$ cat query.txt   # compact mmCIF, C-alpha atoms
# COMPACT_ATOMS: atom_id res chain seq x y z
CA MET A 1 237.50 -96.42 63.36
CA LYS A 2 234.05 -96.64 61.93
CA ASP A 3 232.00 -99.77 62.60
CA TYR A 4 230.45 -100.57 59.24
CA SER A 5 226.92 -101.79 58.59
CA ILE A 6 225.27 -103.33 55.52
CA SER A 7 224.13 -99.89 54.35
CA ASP A 8 227.79 -98.84 53.97
CA PHE A 9 228.30 -101.35 51.17
CA GLU A 10 226.99 -101.18 47.62
CA THR A 11 225.65 -104.16 45.70
CA VAL A 12 227.62 -104.69 42.51
CA GLN A 13 227.44 -107.24 39.71
CA PHE A 14 229.39 -110.01 41.43
CA LEU A 15 228.93 -109.23 45.13
CA THR A 16 225.88 -108.10 47.07
CA ALA A 17 226.00 -105.62 49.93
CA VAL A 18 225.13 -108.49 52.29
CA GLN A 19 228.05 -110.59 50.98
CA LYS A 20 230.38 -107.62 51.36
CA PHE A 21 229.18 -107.02 54.92
CA LYS A 22 229.63 -110.69 55.83
CA ALA A 23 233.13 -110.73 54.32
CA TYR A 24 233.96 -107.53 56.24
CA LYS A 25 232.73 -109.03 59.55
CA LYS A 26 234.64 -112.27 58.95
CA PHE A 27 237.80 -110.35 57.99
CA LYS A 28 237.46 -108.27 61.15
CA SER A 29 237.29 -111.47 63.20
CA VAL A 30 240.32 -112.96 61.41
CA ILE A 31 242.40 -109.85 62.13
CA LYS A 32 241.24 -109.30 65.71
CA LYS A 33 241.82 -112.96 66.64
CA ARG A 34 244.97 -113.29 64.48
CA ASP A 35 243.57 -116.51 63.03
CA ILE A 36 243.39 -117.01 59.26
CA ASN A 37 241.61 -120.32 59.89
CA LEU A 38 238.46 -118.34 60.74
CA MET A 39 238.21 -117.31 57.08
CA ASP A 40 235.09 -118.65 55.39
CA LYS A 41 234.32 -119.31 51.73
CA ASN A 42 232.73 -115.88 51.17
CA LEU A 43 235.83 -114.04 52.45
CA TYR A 44 238.17 -116.39 50.59
CA GLN A 45 236.35 -115.74 47.32
CA HIS A 46 236.42 -111.99 47.88
CA LEU A 47 240.18 -112.04 48.58
CA ASN A 48 240.79 -114.25 45.58
CA LEU A 49 238.45 -112.58 43.09
CA HIS A 50 238.42 -108.92 44.17
CA CYS A 51 241.66 -108.24 46.05
CA GLY A 52 244.29 -109.67 43.75
CA TYR A 53 245.28 -112.64 45.88
CA ILE A 54 246.10 -115.86 44.10
CA ALA A 55 243.88 -118.82 44.95
CA HIS A 56 246.60 -120.91 46.65
CA TYR A 57 244.84 -123.92 45.12
CA ASP A 58 241.85 -123.70 47.52
CA ILE A 59 240.74 -122.19 50.83
CA ASN A 60 242.82 -124.70 52.79
CA GLY A 61 245.93 -123.81 50.81
CA PHE A 62 245.22 -120.12 51.41
CA ARG A 63 244.87 -120.73 55.15
CA ALA A 64 248.06 -122.79 55.24
CA THR A 65 249.97 -120.07 53.38
CA TYR A 66 249.14 -117.38 55.96
CA GLU A 67 248.89 -119.43 59.16
CA ASP A 68 252.44 -118.79 60.44
CA PRO A 69 252.67 -115.45 62.33
CA HIS A 70 255.26 -114.04 59.88
CA ASP A 71 253.05 -114.96 56.93
CA PHE A 72 249.96 -113.59 58.68
CA LEU A 73 251.80 -110.27 59.01
CA ARG A 74 252.62 -110.41 55.29
CA PHE A 75 248.90 -111.02 54.62
CA CYS A 76 248.01 -107.98 56.76
CA ASN A 77 250.64 -105.73 55.19
CA TYR A 78 248.88 -106.10 51.86
CA PHE A 79 246.04 -104.00 53.28
CA ILE A 80 248.19 -101.18 54.61
CA LYS A 81 247.41 -98.29 52.31
CA HIS A 82 250.95 -96.92 51.96
CA ASN A 83 252.26 -100.43 51.16
CA SER A 84 249.62 -101.02 48.52
CA LYS A 85 249.76 -98.09 46.11
CA ASN A 86 249.71 -100.42 43.14
CA ALA A 87 247.60 -103.16 44.74
CA MET A 88 244.60 -104.22 42.74
CA TRP A 89 242.28 -104.01 45.77
CA GLY A 90 242.74 -100.25 45.93
CA VAL A 91 241.74 -99.52 42.34
CA MET A 92 238.79 -101.81 41.75
CA ALA A 93 235.96 -99.28 42.12
CA GLU A 94 233.20 -101.88 42.63
CA TYR A 95 234.93 -103.26 45.72
CA ARG A 96 236.57 -100.11 47.06
CA ASP A 97 234.01 -99.81 49.87
CA ILE A 98 234.74 -103.21 51.42
CA ASN A 99 238.46 -103.15 50.67
CA TYR A 100 238.96 -99.79 52.35
CA ALA A 101 236.88 -100.96 55.32
CA MET A 102 239.16 -103.99 55.54
CA SER A 103 242.26 -101.80 55.34
CA GLU A 104 240.96 -99.73 58.27
CA ILE A 105 240.69 -102.89 60.37
CA VAL A 106 244.28 -103.85 59.58
CA GLU A 107 245.58 -100.33 60.23
CA GLN A 108 243.92 -100.43 63.66
CA HIS A 109 245.59 -103.73 64.59
CA ILE A 110 248.89 -103.71 62.68
CA ASP A 111 251.09 -102.40 65.50
CA GLY A 112 249.89 -105.13 67.86
CA ILE A 113 250.33 -107.78 65.17
CA ARG A 114 253.88 -106.60 64.50
CA GLN A 115 254.71 -106.74 68.22
CA GLU A 116 253.27 -110.24 68.48
CA VAL A 117 255.32 -111.41 65.50
CA GLU A 118 258.46 -109.91 67.02
CA GLY A 119 257.72 -111.69 70.31
CA TYR A 120 257.09 -114.94 68.43
CA GLN A 121 260.38 -114.58 66.56
CA ASN A 122 262.27 -113.85 69.78
CA LYS A 123 260.76 -116.93 71.41
CA GLN A 124 261.70 -119.09 68.41
CA GLU A 125 265.26 -117.81 68.52
CA LEU A 126 265.58 -118.32 72.29
CA ASP A 127 264.18 -121.84 71.98
CA LEU A 128 266.80 -122.57 69.32
CA LEU A 129 269.52 -121.11 71.53
CA HIS A 130 268.48 -123.37 74.41
CA ARG A 131 268.41 -126.45 72.18
CA LEU A 132 271.84 -125.71 70.73
CA ALA A 133 273.33 -125.01 74.16
CA GLU A 134 271.91 -128.26 75.50
CA LYS A 135 273.22 -130.18 72.50
CA HIS A 136 276.73 -128.88 73.16
CA GLY A 137 276.64 -129.31 76.93
CA PHE A 138 275.99 -125.72 77.92
CA ARG A 139 273.29 -124.25 80.09
CA ILE A 140 271.68 -120.87 79.40
CA GLU A 141 271.03 -118.73 82.44
CA GLU A 142 267.80 -116.80 82.11
CA PRO A 143 268.09 -112.99 82.02
CA VAL A 144 268.26 -111.28 85.40
CA LYS A 145 265.52 -108.77 86.15
CA ALA A 146 267.88 -105.81 86.31
CA GLY A 147 269.13 -106.36 82.77
CA LYS A 148 268.67 -108.47 79.68
CA ARG A 149 272.00 -110.28 79.97
CA MET A 150 272.48 -113.91 78.99
CA MET A 151 275.39 -116.05 80.01
CA LEU A 152 276.77 -119.33 78.78
CA LEU A 153 277.97 -121.44 81.69
$ encode --input "query.txt" --output "C-alpha cells"
Amino acid sequence: MKDYSISDFETVQFLTAVQKFKAYKKFKSVIKKRDINLMDKNLYQHLNLHCGYIAHYDINGFRATYEDPHDFLRFCNYFIKHNSKNAMWGVMAEYRDINYAMSEIVEQHIDGIRQEVEGYQNKQELDLLHRLAEKHGFRIEEPVKAGKRMMLL
C-alpha cells in the first residue's frame, strides 16, 4: 500500500490538499487503532460532506454510532470498493483522491478487523452462556486443549 503525502492530494473548492492529507492521516489512525473516537472535526466533516455519511446529529453522535465493534466493521465496509459500487464517495471526482486512499487503508486492515469482531462476538456469546448457566445452577467447563468441547455439568 502506498503511503500518501500532501502532494498526492489536489486542492478543490471545499477542501485543500492539506485538509485532505490531515483527514487521510486521521482516518488511517482510526482504522489502525480500531477507535472511531480518534476522529477529529476535519475527518468528520469530510465523511459527512464528501463521503455520503449522514451527520448523526454531530461528531459525538457519529462516534457513538460506530463505536461498537460490529458497527465499526459496518463503517469500514462502506470503504470496501466492491461493496460500494453505488456509494457517493466513489463518484465524487473532487474527492476521489482522498476517498480511494482511505479505501486502501480499509482494504489493508479489513481482514484483521473482521477477525477481531468475530472474536468479540464469540466472547459476548460465551459470557452470556456463562451468565445463563450460573442463573440456572449449571457450571460451564472450559474447553479442553485437545478439542473445543463444552459441557454442562
$ closest_residue --input "query.txt" --among "A:Lys32, A:His46, A:Lys20, A:His70" --to "Gly119 in chain A" --atoms "only C-alpha atoms"
A:His70
$ atom_distance --input "query.txt" --atom1 "CA of Lys2 in chain A" --atom2 "CA of Phe14 in chain A"
24.9 Å
$ atom_distance --input "query.txt" --atom1 "CA of Lys25 in chain A" --atom2 "CA of Ile110 in chain A"
17.3 Å
$ residues_near_point --input "query.txt" --point "(248.7, -109.3, 50.9)" --cutoff "10 Å" --atoms "all atoms listed in the file" --output "list in words"
Leu47, Cys51, Gly52, Tyr53, Ile54, Tyr66, Asp71, Phe72, Leu73, Arg74, Phe75, Cys76, Asn77, Tyr78, Phe79, Ile80, Asn83, Ser84, Ala87 and Trp89 of chain A
$ closest_residue --input "query.txt" --among "A:Pro69, A:Lys81, A:Gly61, A:Met1" --to "Val117 in chain A" --atoms "all atoms listed in the file"
A:Pro69
$ axis_aligned_box --input "query.txt" --around "range 51-67 of chain A" --padding-each-side "5 Å" --output "lines of an AutoDock Vina configuration file"
center_x = 245.4
center_y = -116.5
center_z = 51.5
size_x = 19.2
size_y = 26.5
size_z = 25.4
$ closest_residue --input "query.txt" --among "A:Tyr44, A:Phe62, A:Phe9, A:Tyr57" --to "Lys26 in chain A" --atoms "only C-alpha atoms"
A:Tyr44
$ closest_residue --input "query.txt" --among "A:Lys28, A:Arg139, A:Ala133, A:Asp68" --to "Glu116 in chain A" --atoms "only C-alpha atoms"
A:Asp68
$ closest_residue --input "query.txt" --among "A:Met39, A:Ile98, A:Ile140, A:Ile105" --to "Ile6 in chain A" --atoms "all atoms listed in the file"
A:Ile98
$ closest_residue --input "query.txt" --among "A:Asp35, A:Leu43, A:Asn48, A:Tyr95" --to "Glu67 in chain A" --atoms "only C-alpha atoms"
A:Asp35
$ atom_distance --input "query.txt" --atom1 "CA of Ala93 in chain A" --atom2 "CA of His50 in chain A"
10.2 Å
$ decode --input "query.txt" --residues "range 46-67 of chain A" --atoms "N, CA and C atoms" --output "PDB file, in the first residue's frame"
ATOM      1  N   HIS A  46     -15.355  15.739   6.482  1.00  0.00           N
ATOM      2  CA  HIS A  46     -15.120  15.090   5.186  1.00  0.00           C
ATOM      3  C   HIS A  46     -16.082  13.901   5.004  1.00  0.00           C
ATOM      4  N   LEU A  47     -16.204  13.066   6.027  1.00  0.00           N
ATOM      5  CA  LEU A  47     -17.102  11.910   5.936  1.00  0.00           C
ATOM      6  C   LEU A  47     -18.540  12.348   5.712  1.00  0.00           C
ATOM      7  N   ASN A  48     -18.933  13.394   6.408  1.00  0.00           N
ATOM      8  CA  ASN A  48     -20.300  13.895   6.325  1.00  0.00           C
ATOM      9  C   ASN A  48     -20.564  14.601   4.992  1.00  0.00           C
ATOM     10  N   LEU A  49     -19.655  15.455   4.581  1.00  0.00           N
ATOM     11  CA  LEU A  49     -19.894  16.301   3.407  1.00  0.00           C
ATOM     12  C   LEU A  49     -19.466  15.679   2.082  1.00  0.00           C
ATOM     13  N   HIS A  50     -18.471  14.773   2.104  1.00  0.00           N
ATOM     14  CA  HIS A  50     -17.895  14.299   0.843  1.00  0.00           C
ATOM     15  C   HIS A  50     -17.891  12.783   0.680  1.00  0.00           C
ATOM     16  N   CYS A  51     -18.465  12.071   1.629  1.00  0.00           N
ATOM     17  CA  CYS A  51     -18.486  10.606   1.525  1.00  0.00           C
ATOM     18  C   CYS A  51     -19.892  10.036   1.589  1.00  0.00           C
ATOM     19  N   GLY A  52     -20.882  10.864   1.796  1.00  0.00           N
ATOM     20  CA  GLY A  52     -22.246  10.392   1.804  1.00  0.00           C
ATOM     21  C   GLY A  52     -22.759   9.902   3.144  1.00  0.00           C
ATOM     22  N   TYR A  53     -21.970  10.070   4.193  1.00  0.00           N
ATOM     23  CA  TYR A  53     -22.457   9.710   5.525  1.00  0.00           C
ATOM     24  C   TYR A  53     -23.435  10.768   6.019  1.00  0.00           C
ATOM     25  N   ILE A  54     -24.430  10.327   6.779  1.00  0.00           N
ATOM     26  CA  ILE A  54     -25.295  11.301   7.422  1.00  0.00           C
ATOM     27  C   ILE A  54     -24.556  11.879   8.624  1.00  0.00           C
ATOM     28  N   ALA A  55     -25.000  12.994   9.114  1.00  0.00           N
ATOM     29  CA  ALA A  55     -24.284  13.709  10.177  1.00  0.00           C
ATOM     30  C   ALA A  55     -24.379  13.030  11.535  1.00  0.00           C
ATOM     31  N   HIS A  56     -25.400  12.212  11.764  1.00  0.00           N
ATOM     32  CA  HIS A  56     -25.609  11.598  13.081  1.00  0.00           C
ATOM     33  C   HIS A  56     -25.711  12.673  14.160  1.00  0.00           C
ATOM     34  N   TYR A  57     -26.322  13.751  13.846  1.00  0.00           N
ATOM     35  CA  TYR A  57     -26.534  14.924  14.695  1.00  0.00           C
ATOM     36  C   TYR A  57     -25.260  15.750  14.857  1.00  0.00           C
ATOM     37  N   ASP A  58     -24.167  15.134  15.328  1.00  0.00           N
ATOM     38  CA  ASP A  58     -22.887  15.836  15.473  1.00  0.00           C
ATOM     39  C   ASP A  58     -21.776  14.805  15.555  1.00  0.00           C
ATOM     40  N   ILE A  59     -20.550  15.256  15.752  1.00  0.00           N
ATOM     41  CA  ILE A  59     -19.400  14.347  15.793  1.00  0.00           C
ATOM     42  C   ILE A  59     -19.541  13.313  16.900  1.00  0.00           C
ATOM     43  N   ASN A  60     -20.107  13.693  18.030  1.00  0.00           N
ATOM     44  CA  ASN A  60     -20.286  12.746  19.131  1.00  0.00           C
ATOM     45  C   ASN A  60     -21.307  11.669  18.778  1.00  0.00           C
ATOM     46  N   GLY A  61     -22.360  12.054  18.087  1.00  0.00           N
ATOM     47  CA  GLY A  61     -23.343  11.084  17.631  1.00  0.00           C
ATOM     48  C   GLY A  61     -22.753  10.135  16.604  1.00  0.00           C
ATOM     49  N   PHE A  62     -21.890  10.659  15.738  1.00  0.00           N
ATOM     50  CA  PHE A  62     -21.213   9.836  14.738  1.00  0.00           C
ATOM     51  C   PHE A  62     -20.325   8.817  15.442  1.00  0.00           C
ATOM     52  N   ARG A  63     -19.542   9.295  16.395  1.00  0.00           N
ATOM     53  CA  ARG A  63     -18.658   8.392  17.150  1.00  0.00           C
ATOM     54  C   ARG A  63     -19.462   7.316  17.857  1.00  0.00           C
ATOM     55  N   ALA A  64     -20.548   7.710  18.507  1.00  0.00           N
ATOM     56  CA  ALA A  64     -21.372   6.751  19.252  1.00  0.00           C
ATOM     57  C   ALA A  64     -21.987   5.707  18.316  1.00  0.00           C
ATOM     58  N   THR A  65     -22.326   6.116  17.109  1.00  0.00           N
ATOM     59  CA  THR A  65     -22.941   5.205  16.146  1.00  0.00           C
ATOM     60  C   THR A  65     -21.991   4.096  15.729  1.00  0.00           C
ATOM     61  N   TYR A  66     -20.703   4.387  15.626  1.00  0.00           N
ATOM     62  CA  TYR A  66     -19.738   3.411  15.108  1.00  0.00           C
ATOM     63  C   TYR A  66     -18.731   2.927  16.153  1.00  0.00           C
ATOM     64  N   GLU A  67     -19.026   3.113  17.423  1.00  0.00           N
ATOM     65  CA  GLU A  67     -18.099   2.744  18.484  1.00  0.00           C
ATOM     66  C   GLU A  67     -18.075   1.232  18.742  1.00  0.00           C
TER      67      GLU A  67
END
